[in-house]
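Trainee: If you scroll down you'll find the structure; I have some questions about it.
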4 protein chains.
Amino acid sequence: MIGFALFGCGRIGRMHARNLHAHPGAELVTCFDVAGPAAAAVAAELGVPQAQSVDEVLANPRVRAVFIASSTDTHVDLIARSVQAGKAVLCEKPVDLDIARVDACWQAIAGLQPLVMLGFNRRFDPSFRALRDRLAAGEIGRLEQVVITSRDPAPPPPAYIAVSGGLFRDMTIHDFDLARFLAGDIVEVQAMGANLIDPTIQAQGDIDAAMLVMRAASGALVHINNSRRCAYGYDQRIEAFGEAGMLQAHNQHPTTVEAWGGARTRAMDPVPHFFIERYADAYRSELDHFIDCVNTGAAPLAGFAEGREALRLADAALDSMKSGRAVRLA
Amino acid sequence: MIGFALFGCGRIGRMHARNLHAHPGAELVTCFDVAGPAAAAVAAELGVPQAQSVDEVLANPRVRAVFIASSTDTHVDLIARSVQAGKAVLCEKPVDLDIARVDACWQAIAGLQPLVMLGFNRRFDPSFRALRDRLAAGEIGRLEQVVITSRDPAPPPPAYIAVSGGLFRDMTIHDFDLARFLAGDIVEVQAMGANLIDPTIQAQGDIDAAMLVMRAASGALVHINNSRRCAYGYDQRIEAFGEAGMLQAHNQHPTTVEAWGGARTRAMDPVPHFFIERYADAYRSELDHFIDCVNTGAAPLAGFAEGREALRLADAALDSMKSGRAVRLA
Amino acid sequence: MIGFALFGCGRIGRMHARNLHAHPGAELVTCFDVAGPAAAAVAAELGVPQAQSVDEVLANPRVRAVFIASSTDTHVDLIARSVQAGKAVLCEKPVDLDIARVDACWQAIAGLQPLVMLGFNRRFDPSFRALRDRLAAGEIGRLEQVVITSRDPAPPPPAYIAVSGGLFRDMTIHDFDLARFLAGDIVEVQAMGANLIDPTIQAQGDIDAAMLVMRAASGALVHINNSRRCAYGYDQRIEAFGEAGMLQAHNQHPTTVEAWGGARTRAMDPVPHFFIERYADAYRSELDHFIDCVNTGAAPLAGFAEGREALRLADAALDSMKSGRAVRLA
Amino acid sequence: MIGFALFGCGRIGRMHARNLHAHPGAELVTCFDVAGPAAAAVAAELGVPQAQSVDEVLANPRVRAVFIASSTDTHVDLIARSVQAGKAVLCEKPVDLDIARVDACWQAIAGLQPLVMLGFNRRFDPSFRALRDRLAAGEIGRLEQVVITSRDPAPPPPAYIAVSGGLFRDMTIHDFDLARFLAGDIVEVQAMGANLIDPTIQAQGDIDAAMLVMRAASGALVHINNSRRCAYGYDQRIEAFGEAGMLQAHNQHPTTVEAWGGARTRAMDPVPHFFIERYADAYRSELDHFIDCVNTGAAPLAGFAEGREALRLADAALDSMKSGRAVRLA
């Protein structure tokens, strides 16, 4: 039984709290949020004590692991302090929006041989994971092309956009990591962005749609398409194409019911609305994996380095979009 | 090049006339219909002479084969006279609505070793044919269960019902033959009919929906469901279940386009409206097969005996529905 | 928080025990099995005391509800004693294999206005439930035809067959209840059975495949097909056809991954192996519903009467199969 | 009845010859090929006279239209001479591999107000056409993203590659035109190519896989992915994404048969092998359209300008791939 503390008790933090509470191998020991009422709500719902400070959390000897679900700008500090306090760390993506701060964080903790895992939920989705395992097993031979489709149901509010780091660092970052999960290291990035959906996003200097092409060190080509709006729900798909065939992971529908009528046939319901619903199984599986790592000392499927690489790709994409040039990564 | 005459120039006759006209191995030599203007229309469209009588057709030495698409009550007479005139015969289903007349027809022609083929179009549908070939090749091992779904888009008019012989002899007859095509000879029939759609059909003493269960000599069980109305088009499907798996033949959609929207996803268009559209390829393939039989002397995939057996099953179903008993066939 | 006792700690009992343990509104207070080690295993896994007798369970004032997952022949006795002890009852199907014993049970408890719910899991499957809700909402107008496909992955062992009551009372009973759930009361049953799979089942006087047709009081026709073996997994589907269209509930696949290769395209994995996997969500939802009924006094979606009606249909099917006659129910 | 001459009697020329022969509104008057035996074969099969020279063809007053299916390097000359001889022209893609020659051709004929149609078969595919019509009808609102998948079953032989103009001008040219058909004029192109399949293609200085991103004048983003090899057949798909939803056109399967077995479920057959099979309907429909244009004087759906624009995009893609820069089109 691993004792956990939760940093950050907002929407996603609350979901993680419930998963921790329900997990047979975890015990939620305490929770903290700079917004006291958010932490109080989680504490009350799950019957755990609310901590008054980060220090209090880190001083608690029953806390062996921390789950960081607080705002992005707090991640590197919490990672470093938690590692220095001897805790294992599971941190929501991204590590940070600034690669210099990411590198400084790593400098500060690298010598401690820390267990730091990044919450890249796609790696733990049962269908995406099965697709990757079948790739690895050679089912379609050498991987040649990947198409990742990733469209959010609706644009976030302006306040979110303002601190998001932009579409590539906030949204595409998941797809960059997924690209690496499937195709390995990326050596070249081309990106094209667009403002098609929400003028307030443009006014804030961000884009709301993008298409990218990347080249992996293996030679494989990867396409990502993103949109901040999708009428039929949260569109999350993979297509992996290789010398011997293709594997696709499709959207999930809430039921298996198909309707046939005079106007249309085979119609199914829209797809689960957003990440909390779509990746519910993945979040549970991610927690399983982290607890296994804590218990066994195994390296996590998505470590600190994965967080750093995804951010580098986001920066490269931004550079490519602005310069109109393909960006090569060393 | 086989010279053909067409008997019957109504809607389906006209379609067959066009197929004959377009076929590289056939020549439409003449056509006849008791309704002169119908024959005149076909003659004019395709530039062939219109015959004034059956005798004129049968006396024409260029006519090696006849296509009988006239009304059901004329079939046995035309079959017998055509065979006696030395013609090969391709006749629309059914042979007749009265088994005694069917048997009398056969008595009259059996000694002539006739080439008589019945137009059971399902046997020539590319998907149904592929399914049957894969059954025969052993893909799912021993066949155990068959489910045939067969639903017309809309009920026929009362005048048609009046001379149709009833749902089993008119509509299910195709499914009886399809059952035999897939599962072989049938030894037991249970039928339940219902009036769910059109009160005028009930007033005429017929049913408009039915479900049947049959046992094949092989032991396989077969289910047929029929309806005289189907909101999404002409529903024509097969499911064959065996010891090693299942083969399904699904409906055909006019295009491969799928629509995803806020209310529904994966929606396709309704299915082709009725038999002329749905079995267009089958009718062409049926003609290919008949011409091959004429040229090579091979026995047709659906001979006179298939027409007789399908009618026997229709009679058995009617008996079962009325008596509430399973009917065993000798 | 409802205190529960579990009767029967075999495979399905253990699954229910885990669901009870995980449910926020339930507390598993104790468990009992005539096979002591089975109860001991559940008790140890979940940290609950193991009872030594039925009397001890029923005397426990913390037990407000009992979950009966013991062998079928114990159901009526446990139902009656539990109700008489003032407990709410959730009982696995079937009530019993003998309609006389079912009726006697009801006689004994009817005056107590008991809360007795039958574990007809299909009613709680999210897809089947959604289909039924959409029927009820009028999406396809009047219901005209239902096709229920229900095929087990592999035949049970001879010892199970010996006490199962036969295919109709053991396996089809779920489909009879599902037919009533969708189409309402049934007034006529035709059944045809077959021995296609396992000679030992035939040697025991049972069948291993069946096709049935039934008529509902509403006029709708219902087809059920059953098999004791299915190569691709546990085949559980519904097709509901009405005046305005069709609703289908399809099989569930473990992932959304499709494979395209040189030999075949669009291939997915086989379907979940058996009821524990296939109806995992349904079992949880069934428990939710029962707890709601205990808390609110609402009548359960599947009460004692549903258990009795399903058994009557099984008896009628057996009668029809043996006599070759359609059986009408009063 | 339009009199046609066919230039080029190779594989695709022969297919067009058969379509011309079967078309009720066309008459194949004569055919010519620099390889005499190829023309002789078509002439013999269809019973038409073989011409001995281009001049003989163009001097034939019964020839109102020419179908140019000869090698690419002959196109501009045949277009110009045919137009100057007063013929309507249907020419296989591409116009030429050199934009200067294309422009010179247009200079030579522009004053004659010619009817020149390019054989961009995708525009006439029933599914792609339906998708585009539904876009135009506003079904998904403003178009935001297009994903075009276009993968050939197997690489062509070295001799073909040598004269092909390279992947972008030979293969992607269809997808460039399709992009314009769906999203309108293109203003920016980014391309990444790769050698993943056939070393002899690399040795010839060409690529065998590519991914592109383009921006339309409307703001929409378009992705194209290409491969010279595809294990499951000829992969031809469109995904159009807009503010109100998505339309997809999927691959066509030869039958509707699905197989379910112990290893996989829902498996269908591979998709039609190459363009002759996949676009059989499209080629017929293309011919219908051209004949309509000849008869009515209407402008063709794909005129000379479409041929020129597709080539410009191919040139831009090549430039982008070599320079690593996004290329803007005036």
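Starting from 1 in every chain, residues are counted up; chains themselves are A, B, ... following the order of the structure tokens, and ligands are numbered from 1 as listed.
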Given a cut-off of 7 Å, which residues of chain C touch chain D, counting only C-alpha atoms, written out as number ranges by chain?
Mentor: C: 231-232, 260-270
Trainee: As a list in words, please: the residues near Glu239 of chain C (cut-off 9 Å, only C-alpha atoms, same-chain neighbours under 5 positions excluded).
Mentor: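 Within the cut-off, the hits are Gln145, Val146, Val147, Ile148, Thr149, Met246, Leu247, Gln248, Ala249 and His250 of chain C.
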Trainee: Any idea what's packed within 6 Å of Thr30 of chain C, counting only C-alpha atoms, ignoring anything in its chain fewer than 3 positions away? Could you give it as a list in words?
Mentor: Ala5, Val48, Pro49 and Gln50 of chain C
Trainee: Could you pull out the residues in segment 82-268 of chain C that DSSP calls alpha helix (DSSP H) from the backbone, as a PDB file with N, CA and C atoms, in the first residue's frame?
Mentor:
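What ended up in part_15.pdb:
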```pdb
ATOM      1  N   SER C  82     -35.220 -15.425   3.639  1.00  0.00           N
ATOM      2  CA  SER C  82     -34.689 -14.068   3.730  1.00  0.00           C
ATOM      3  C   SER C  82     -35.819 -13.055   3.820  1.00  0.00           C
ATOM      4  N   VAL C  83     -36.816 -13.225   2.967  1.00  0.00           N
ATOM      5  CA  VAL C  83     -37.953 -12.304   3.028  1.00  0.00           C
ATOM      6  C   VAL C  83     -38.611 -12.379   4.395  1.00  0.00           C
ATOM      7  N   GLN C  84     -38.785 -13.607   4.885  1.00  0.00           N
ATOM      8  CA  GLN C  84     -39.438 -13.759   6.194  1.00  0.00           C
ATOM      9  C   GLN C  84     -38.593 -13.138   7.309  1.00  0.00           C
ATOM     10  N   ILE C  99     -41.844 -24.715 -11.965  1.00  0.00           N
ATOM     11  CA  ILE C  99     -42.803 -23.622 -11.802  1.00  0.00           C
ATOM     12  C   ILE C  99     -43.644 -23.814 -10.534  1.00  0.00           C
ATOM     13  N   ALA C 100     -43.883 -25.057 -10.144  1.00  0.00           N
ATOM     14  CA  ALA C 100     -44.676 -25.301  -8.924  1.00  0.00           C
ATOM     15  C   ALA C 100     -43.935 -24.794  -7.690  1.00  0.00           C
ATOM     16  N   ARG C 101     -42.643 -25.016  -7.664  1.00  0.00           N
ATOM     17  CA  ARG C 101     -41.855 -24.523  -6.535  1.00  0.00           C
ATOM     18  C   ARG C 101     -41.774 -22.990  -6.550  1.00  0.00           C
ATOM     19  N   VAL C 102     -41.712 -22.428  -7.736  1.00  0.00           N
ATOM     20  CA  VAL C 102     -41.708 -20.962  -7.846  1.00  0.00           C
ATOM     21  C   VAL C 102     -42.995 -20.400  -7.279  1.00  0.00           C
ATOM     22  N   ASP C 103     -44.116 -21.031  -7.685  1.00  0.00           N
ATOM     23  CA  ASP C 103     -45.400 -20.522  -7.218  1.00  0.00           C
ATOM     24  C   ASP C 103     -45.564 -20.701  -5.711  1.00  0.00           C
ATOM     25  N   ALA C 104     -45.075 -21.811  -5.213  1.00  0.00           N
ATOM     26  CA  ALA C 104     -45.153 -22.043  -3.765  1.00  0.00           C
ATOM     27  C   ALA C 104     -44.337 -21.008  -3.003  1.00  0.00           C
ATOM     28  N   CYS C 105     -43.200 -20.679  -3.555  1.00  0.00           N
ATOM     29  CA  CYS C 105     -42.355 -19.652  -2.938  1.00  0.00           C
ATOM     30  C   CYS C 105     -43.120 -18.336  -2.858  1.00  0.00           C
ATOM     31  N   TRP C 106     -43.732 -18.003  -3.955  1.00  0.00           N
ATOM     32  CA  TRP C 106     -44.452 -16.728  -3.984  1.00  0.00           C
ATOM     33  C   TRP C 106     -45.611 -16.729  -3.000  1.00  0.00           C
ATOM     34  N   GLN C 107     -46.318 -17.858  -2.954  1.00  0.00           N
ATOM     35  CA  GLN C 107     -47.413 -17.981  -1.969  1.00  0.00           C
ATOM     36  C   GLN C 107     -46.907 -17.668  -0.565  1.00  0.00           C
ATOM     37  N   ALA C 108     -45.713 -18.158  -0.283  1.00  0.00           N
ATOM     38  CA  ALA C 108     -45.178 -18.022   1.069  1.00  0.00           C
ATOM     39  C   ALA C 108     -44.768 -16.604   1.400  1.00  0.00           C
ATOM     40  N   ILE C 109     -44.483 -15.798   0.387  1.00  0.00           N
ATOM     41  CA  ILE C 109     -43.928 -14.473   0.698  1.00  0.00           C
ATOM     42  C   ILE C 109     -44.779 -13.319   0.207  1.00  0.00           C
ATOM     43  N   PRO C 126     -25.501  -1.513 -20.534  1.00  0.00           N
ATOM     44  CA  PRO C 126     -25.694  -0.137 -21.026  1.00  0.00           C
ATOM     45  C   PRO C 126     -26.225  -0.065 -22.459  1.00  0.00           C
ATOM     46  N   SER C 127     -25.748  -0.955 -23.323  1.00  0.00           N
ATOM     47  CA  SER C 127     -26.204  -0.881 -24.720  1.00  0.00           C
ATOM     48  C   SER C 127     -27.627  -1.405 -24.861  1.00  0.00           C
ATOM     49  N   PHE C 128     -27.926  -2.515 -24.205  1.00  0.00           N
ATOM     50  CA  PHE C 128     -29.283  -3.066 -24.294  1.00  0.00           C
ATOM     51  C   PHE C 128     -30.279  -2.097 -23.645  1.00  0.00           C
ATOM     52  N   ARG C 129     -29.835  -1.505 -22.535  1.00  0.00           N
ATOM     53  CA  ARG C 129     -30.712  -0.566 -21.850  1.00  0.00           C
ATOM     54  C   ARG C 129     -30.974   0.668 -22.713  1.00  0.00           C
ATOM     55  N   ALA C 130     -29.922   1.148 -23.366  1.00  0.00           N
ATOM     56  CA  ALA C 130     -30.092   2.312 -24.243  1.00  0.00           C
ATOM     57  C   ALA C 130     -31.032   1.979 -25.392  1.00  0.00           C
ATOM     58  N   LEU C 131     -30.886   0.787 -25.948  1.00  0.00           N
ATOM     59  CA  LEU C 131     -31.770   0.369 -27.035  1.00  0.00           C
ATOM     60  C   LEU C 131     -33.221   0.365 -26.556  1.00  0.00           C
ATOM     61  N   ARG C 132     -33.441  -0.193 -25.405  1.00  0.00           N
ATOM     62  CA  ARG C 132     -34.808  -0.269 -24.883  1.00  0.00           C
ATOM     63  C   ARG C 132     -35.364   1.121 -24.570  1.00  0.00           C
ATOM     64  N   ASP C 133     -34.547   1.983 -24.026  1.00  0.00           N
ATOM     65  CA  ASP C 133     -35.008   3.341 -23.744  1.00  0.00           C
ATOM     66  C   ASP C 133     -35.396   4.064 -25.030  1.00  0.00           C
ATOM     67  N   ARG C 134     -34.637   3.804 -26.075  1.00  0.00           N
ATOM     68  CA  ARG C 134     -34.941   4.466 -27.343  1.00  0.00           C
ATOM     69  C   ARG C 134     -36.203   3.880 -27.976  1.00  0.00           C
ATOM     70  N   LEU C 135     -36.410   2.586 -27.819  1.00  0.00           N
ATOM     71  CA  LEU C 135     -37.699   1.992 -28.217  1.00  0.00           C
ATOM     72  C   LEU C 135     -38.843   2.682 -27.478  1.00  0.00           C
ATOM     73  N   ALA C 136     -38.663   2.792 -26.174  1.00  0.00           N
ATOM     74  CA  ALA C 136     -39.724   3.357 -25.340  1.00  0.00           C
ATOM     75  C   ALA C 136     -39.986   4.808 -25.703  1.00  0.00           C
ATOM     76  N   PRO C 158     -20.586 -31.701 -18.381  1.00  0.00           N
ATOM     77  CA  PRO C 158     -21.751 -32.563 -18.168  1.00  0.00           C
ATOM     78  C   PRO C 158     -22.392 -32.383 -16.785  1.00  0.00           C
ATOM     79  N   ALA C 159     -21.570 -32.168 -15.773  1.00  0.00           N
ATOM     80  CA  ALA C 159     -22.135 -32.019 -14.424  1.00  0.00           C
ATOM     81  C   ALA C 159     -23.049 -30.803 -14.348  1.00  0.00           C
ATOM     82  N   TYR C 160     -22.692 -29.767 -15.096  1.00  0.00           N
ATOM     83  CA  TYR C 160     -23.523 -28.563 -15.115  1.00  0.00           C
ATOM     84  C   TYR C 160     -24.822 -28.835 -15.870  1.00  0.00           C
ATOM     85  N   ILE C 161     -24.673 -29.459 -17.036  1.00  0.00           N
ATOM     86  CA  ILE C 161     -25.856 -29.779 -17.843  1.00  0.00           C
ATOM     87  C   ILE C 161     -26.855 -30.591 -17.010  1.00  0.00           C
ATOM     88  N   ALA C 162     -26.337 -31.500 -16.219  1.00  0.00           N
ATOM     89  CA  ALA C 162     -27.201 -32.419 -15.464  1.00  0.00           C
ATOM     90  C   ALA C 162     -28.174 -31.697 -14.540  1.00  0.00           C
ATOM     91  N   VAL C 163     -27.772 -30.577 -13.992  1.00  0.00           N
ATOM     92  CA  VAL C 163     -28.631 -29.841 -13.048  1.00  0.00           C
ATOM     93  C   VAL C 163     -29.137 -28.530 -13.625  1.00  0.00           C
ATOM     94  N   SER C 164     -28.927 -28.333 -14.928  1.00  0.00           N
ATOM     95  CA  SER C 164     -29.223 -27.018 -15.510  1.00  0.00           C
ATOM     96  C   SER C 164     -30.691 -26.804 -15.805  1.00  0.00           C
ATOM     97  N   LEU C 167     -31.413 -26.487 -21.850  1.00  0.00           N
ATOM     98  CA  LEU C 167     -31.016 -25.224 -22.490  1.00  0.00           C
ATOM     99  C   LEU C 167     -32.039 -24.110 -22.305  1.00  0.00           C
ATOM    100  N   ILE C 173     -33.382 -18.686 -20.843  1.00  0.00           N
ATOM    101  CA  ILE C 173     -34.173 -17.942 -19.866  1.00  0.00           C
ATOM    102  C   ILE C 173     -33.799 -16.462 -19.861  1.00  0.00           C
ATOM    103  N   HIS C 174     -32.529 -16.161 -20.066  1.00  0.00           N
ATOM    104  CA  HIS C 174     -32.098 -14.759 -20.190  1.00  0.00           C
ATOM    105  C   HIS C 174     -32.750 -14.095 -21.397  1.00  0.00           C
ATOM    106  N   ASP C 175     -32.825 -14.851 -22.492  1.00  0.00           N
ATOM    107  CA  ASP C 175     -33.372 -14.285 -23.724  1.00  0.00           C
ATOM    108  C   ASP C 175     -34.890 -14.150 -23.645  1.00  0.00           C
ATOM    109  N   PHE C 176     -35.529 -15.095 -22.937  1.00  0.00           N
ATOM    110  CA  PHE C 176     -36.974 -14.932 -22.703  1.00  0.00           C
ATOM    111  C   PHE C 176     -37.232 -13.634 -21.931  1.00  0.00           C
ATOM    112  N   ASP C 177     -36.439 -13.416 -20.917  1.00  0.00           N
ATOM    113  CA  ASP C 177     -36.650 -12.187 -20.149  1.00  0.00           C
ATOM    114  C   ASP C 177     -36.332 -10.958 -20.994  1.00  0.00           C
ATOM    115  N   LEU C 178     -35.294 -11.054 -21.797  1.00  0.00           N
ATOM    116  CA  LEU C 178     -34.939  -9.930 -22.670  1.00  0.00           C
ATOM    117  C   LEU C 178     -36.057  -9.665 -23.679  1.00  0.00           C
ATOM    118  N   ALA C 179     -36.645 -10.734 -24.191  1.00  0.00           N
ATOM    119  CA  ALA C 179     -37.775 -10.586 -25.121  1.00  0.00           C
ATOM    120  C   ALA C 179     -38.914  -9.823 -24.442  1.00  0.00           C
ATOM    121  N   ARG C 180     -39.198 -10.187 -23.197  1.00  0.00           N
ATOM    122  CA  ARG C 180     -40.263  -9.485 -22.473  1.00  0.00           C
ATOM    123  C   ARG C 180     -39.869  -8.048 -22.158  1.00  0.00           C
ATOM    124  N   PHE C 181     -38.609  -7.837 -21.872  1.00  0.00           N
ATOM    125  CA  PHE C 181     -38.105  -6.490 -21.579  1.00  0.00           C
ATOM    126  C   PHE C 181     -38.325  -5.572 -22.788  1.00  0.00           C
ATOM    127  N   LEU C 182     -38.168  -6.136 -23.975  1.00  0.00           N
ATOM    128  CA  LEU C 182     -38.250  -5.332 -25.192  1.00  0.00           C
ATOM    129  C   LEU C 182     -39.653  -5.292 -25.777  1.00  0.00           C
ATOM    130  N   ALA C 183     -40.312  -6.449 -25.786  1.00  0.00           N
ATOM    131  CA  ALA C 183     -41.575  -6.572 -26.530  1.00  0.00           C
ATOM    132  C   ALA C 183     -42.786  -6.762 -25.630  1.00  0.00           C
ATOM    133  N   PRO C 199     -21.946 -34.298 -28.293  1.00  0.00           N
ATOM    134  CA  PRO C 199     -22.745 -35.530 -28.145  1.00  0.00           C
ATOM    135  C   PRO C 199     -23.070 -35.851 -26.685  1.00  0.00           C
ATOM    136  N   THR C 200     -22.233 -35.403 -25.772  1.00  0.00           N
ATOM    137  CA  THR C 200     -22.544 -35.715 -24.367  1.00  0.00           C
ATOM    138  C   THR C 200     -23.788 -34.964 -23.921  1.00  0.00           C
ATOM    139  N   ILE C 201     -24.018 -33.800 -24.495  1.00  0.00           N
ATOM    140  CA  ILE C 201     -25.251 -33.073 -24.154  1.00  0.00           C
ATOM    141  C   ILE C 201     -26.455 -33.859 -24.652  1.00  0.00           C
ATOM    142  N   GLN C 202     -26.351 -34.378 -25.849  1.00  0.00           N
ATOM    143  CA  GLN C 202     -27.447 -35.202 -26.378  1.00  0.00           C
ATOM    144  C   GLN C 202     -27.652 -36.437 -25.504  1.00  0.00           C
ATOM    145  N   ALA C 203     -26.544 -37.042 -25.094  1.00  0.00           N
ATOM    146  CA  ALA C 203     -26.650 -38.244 -24.261  1.00  0.00           C
ATOM    147  C   ALA C 203     -27.345 -37.941 -22.941  1.00  0.00           C
TER     148      ALA C 203
END
```
Trainee: Quick one: of B:Ala26, B:Ala80, B:Val42, B:Ala35, who's nearest to Gly13 of chain B, counting only C-alpha atoms?
Mentor: B:Val42
Trainee: List the spatial neighbours of Thr72 of chain D as a list in words - criterion: any atom at most 12 Å away, only C-alpha atoms, same-chain residues fewer than 4 positions off excluded.
Mentor: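 Returned residues: Phe7, Gly8, Ile68, Val76, Asp77, Leu78, Ile79, Cys91, Glu92, Lys93, Pro94, Val95, Asp96, Leu97, Asp98, Arg101, Val102, Tyr160, Val163, Ser164, Gly165, Arg169 and Asp170 of chain D.
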Trainee: Include N, CA and C atoms and write out the residues we just selected as a short mmCIF file (atom, residue, chain, number, x, y, z; two decimals), in the first residue's frame.
Mentor:
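Final output, out_5.cif:
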```cif
data_model
loop_
_atom_site.label_atom_id
_atom_site.label_comp_id
_atom_site.auth_asym_id
_atom_site.auth_seq_id
_atom_site.Cartn_x
_atom_site.Cartn_y
_atom_site.Cartn_z
N PHE D 7 -6.50 7.90 -78.77
CA PHE D 7 -5.04 7.90 -78.90
C PHE D 7 -4.45 7.14 -77.72
N GLY D 8 -3.73 6.08 -77.99
CA GLY D 8 -3.09 5.32 -76.91
C GLY D 8 -3.92 4.11 -76.57
N ILE D 68 -7.37 11.06 -75.21
CA ILE D 68 -5.91 10.92 -75.23
C ILE D 68 -5.46 10.09 -74.03
N VAL D 76 0.64 17.20 -74.72
CA VAL D 76 0.44 18.59 -75.17
C VAL D 76 0.35 18.70 -76.70
N ASP D 77 1.15 17.92 -77.37
CA ASP D 77 1.09 17.96 -78.83
C ASP D 77 -0.27 17.48 -79.34
N LEU D 78 -0.74 16.38 -78.79
CA LEU D 78 -2.03 15.85 -79.24
C LEU D 78 -3.17 16.78 -78.86
N ILE D 79 -3.09 17.36 -77.68
CA ILE D 79 -4.14 18.32 -77.29
C ILE D 79 -4.19 19.46 -78.31
N CYS D 91 -8.40 14.20 -71.96
CA CYS D 91 -7.01 13.77 -71.86
C CYS D 91 -6.72 13.21 -70.48
N GLU D 92 -6.06 12.06 -70.49
CA GLU D 92 -5.61 11.50 -69.20
C GLU D 92 -4.66 12.48 -68.52
N LYS D 93 -4.63 12.41 -67.18
CA LYS D 93 -3.69 13.26 -66.45
C LYS D 93 -2.28 12.68 -66.63
N PRO D 94 -1.19 13.44 -66.49
CA PRO D 94 -1.17 14.89 -66.37
C PRO D 94 -1.14 15.51 -67.75
N VAL D 95 -1.34 16.84 -67.82
CA VAL D 95 -1.19 17.53 -69.11
C VAL D 95 0.23 17.30 -69.61
N ASP D 96 1.19 17.55 -68.74
CA ASP D 96 2.60 17.35 -69.07
C ASP D 96 3.35 17.41 -67.74
N LEU D 97 4.63 17.09 -67.76
CA LEU D 97 5.43 17.16 -66.54
C LEU D 97 6.16 18.49 -66.42
N ASP D 98 6.06 19.33 -67.44
CA ASP D 98 6.81 20.59 -67.49
C ASP D 98 5.83 21.74 -67.64
N ARG D 101 5.85 23.74 -70.87
CA ARG D 101 5.17 23.11 -72.01
C ARG D 101 3.65 23.20 -71.85
N VAL D 102 3.20 23.09 -70.63
CA VAL D 102 1.76 23.21 -70.39
C VAL D 102 1.29 24.60 -70.79
N TYR D 160 8.95 2.81 -65.52
CA TYR D 160 7.86 3.76 -65.32
C TYR D 160 8.34 4.95 -64.49
N VAL D 163 10.20 7.85 -66.26
CA VAL D 163 9.50 8.86 -67.06
C VAL D 163 8.30 9.45 -66.33
N SER D 164 8.19 9.16 -65.04
CA SER D 164 6.98 9.53 -64.31
C SER D 164 6.96 10.99 -63.89
N GLY D 165 8.12 11.61 -63.85
CA GLY D 165 8.17 12.97 -63.32
C GLY D 165 8.30 13.01 -61.81
N ARG D 169 4.46 14.52 -59.19
CA ARG D 169 3.83 14.83 -60.49
C ARG D 169 3.07 13.64 -61.06
N ASP D 170 3.42 12.46 -60.58
CA ASP D 170 2.80 11.26 -61.15
C ASP D 170 1.63 10.76 -60.30
#
```
Trainee: Going by DSSP on the backbone, which residues of segment 27-133 of chain D come out as strand (DSSP E)? List them as a CSV table (one decimal) with C-alpha atoms, in the first residue's frame.
Mentor:
```csv
chain,number,residue,atom,x,y,z
D,27,GLU,CA,-19.2,5.7,-80.9
D,28,LEU,CA,-15.6,4.7,-81.1
D,29,VAL,CA,-14.8,5.6,-84.7
D,30,THR,CA,-11.1,4.8,-84.8
D,31,CYS,CA,-8.0,4.2,-82.6
D,32,PHE,CA,-4.3,4.9,-82.9
D,65,ALA,CA,-13.9,14.1,-79.9
D,66,VAL,CA,-10.6,12.5,-79.0
D,67,PHE,CA,-9.6,10.5,-75.9
D,68,ILE,CA,-5.9,10.9,-75.2
D,88,ALA,CA,-13.2,18.2,-78.2
D,89,VAL,CA,-10.5,16.6,-76.0
D,90,LEU,CA,-10.6,14.3,-73.0
D,91,CYS,CA,-7.0,13.8,-71.9
D,92,GLU,CA,-5.6,11.5,-69.2
D,116,VAL,CA,-10.5,20.2,-73.0
D,117,MET,CA,-11.2,18.0,-70.1
D,118,LEU,CA,-8.6,16.3,-67.9
D,119,GLY,CA,-9.2,12.8,-66.7
```
Trainee: In Å, with one decimal, what is the gap from atom CA of Gly36 of chain B to atom CA of Leu6 of chain B?
Mentor: 13.1 Å
Trainee: At what distance in Å, to one decimal, does atom CA of Ile2 of chain D lie from atom CA of Pro24 of chain D?
Mentor: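 Going from atom CA of Pro24 of chain D over to atom CA of Ile2 of chain D, I get 9.5 Å.
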Trainee: Mind giving me the straight-line distance from atom CA of Lys322 of chain C to atom CA of Pro157 of chain C in Å, one decimal?
Mentor: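 Distance between the two atoms: 24.1 Å.
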Trainee: Which of these, D:Tyr234, D:Pro156, D:Glu45, D:Arg328, has the shortest distance to Ile276 of chain D once you count only C-alpha atoms?
Mentor: D:Tyr234
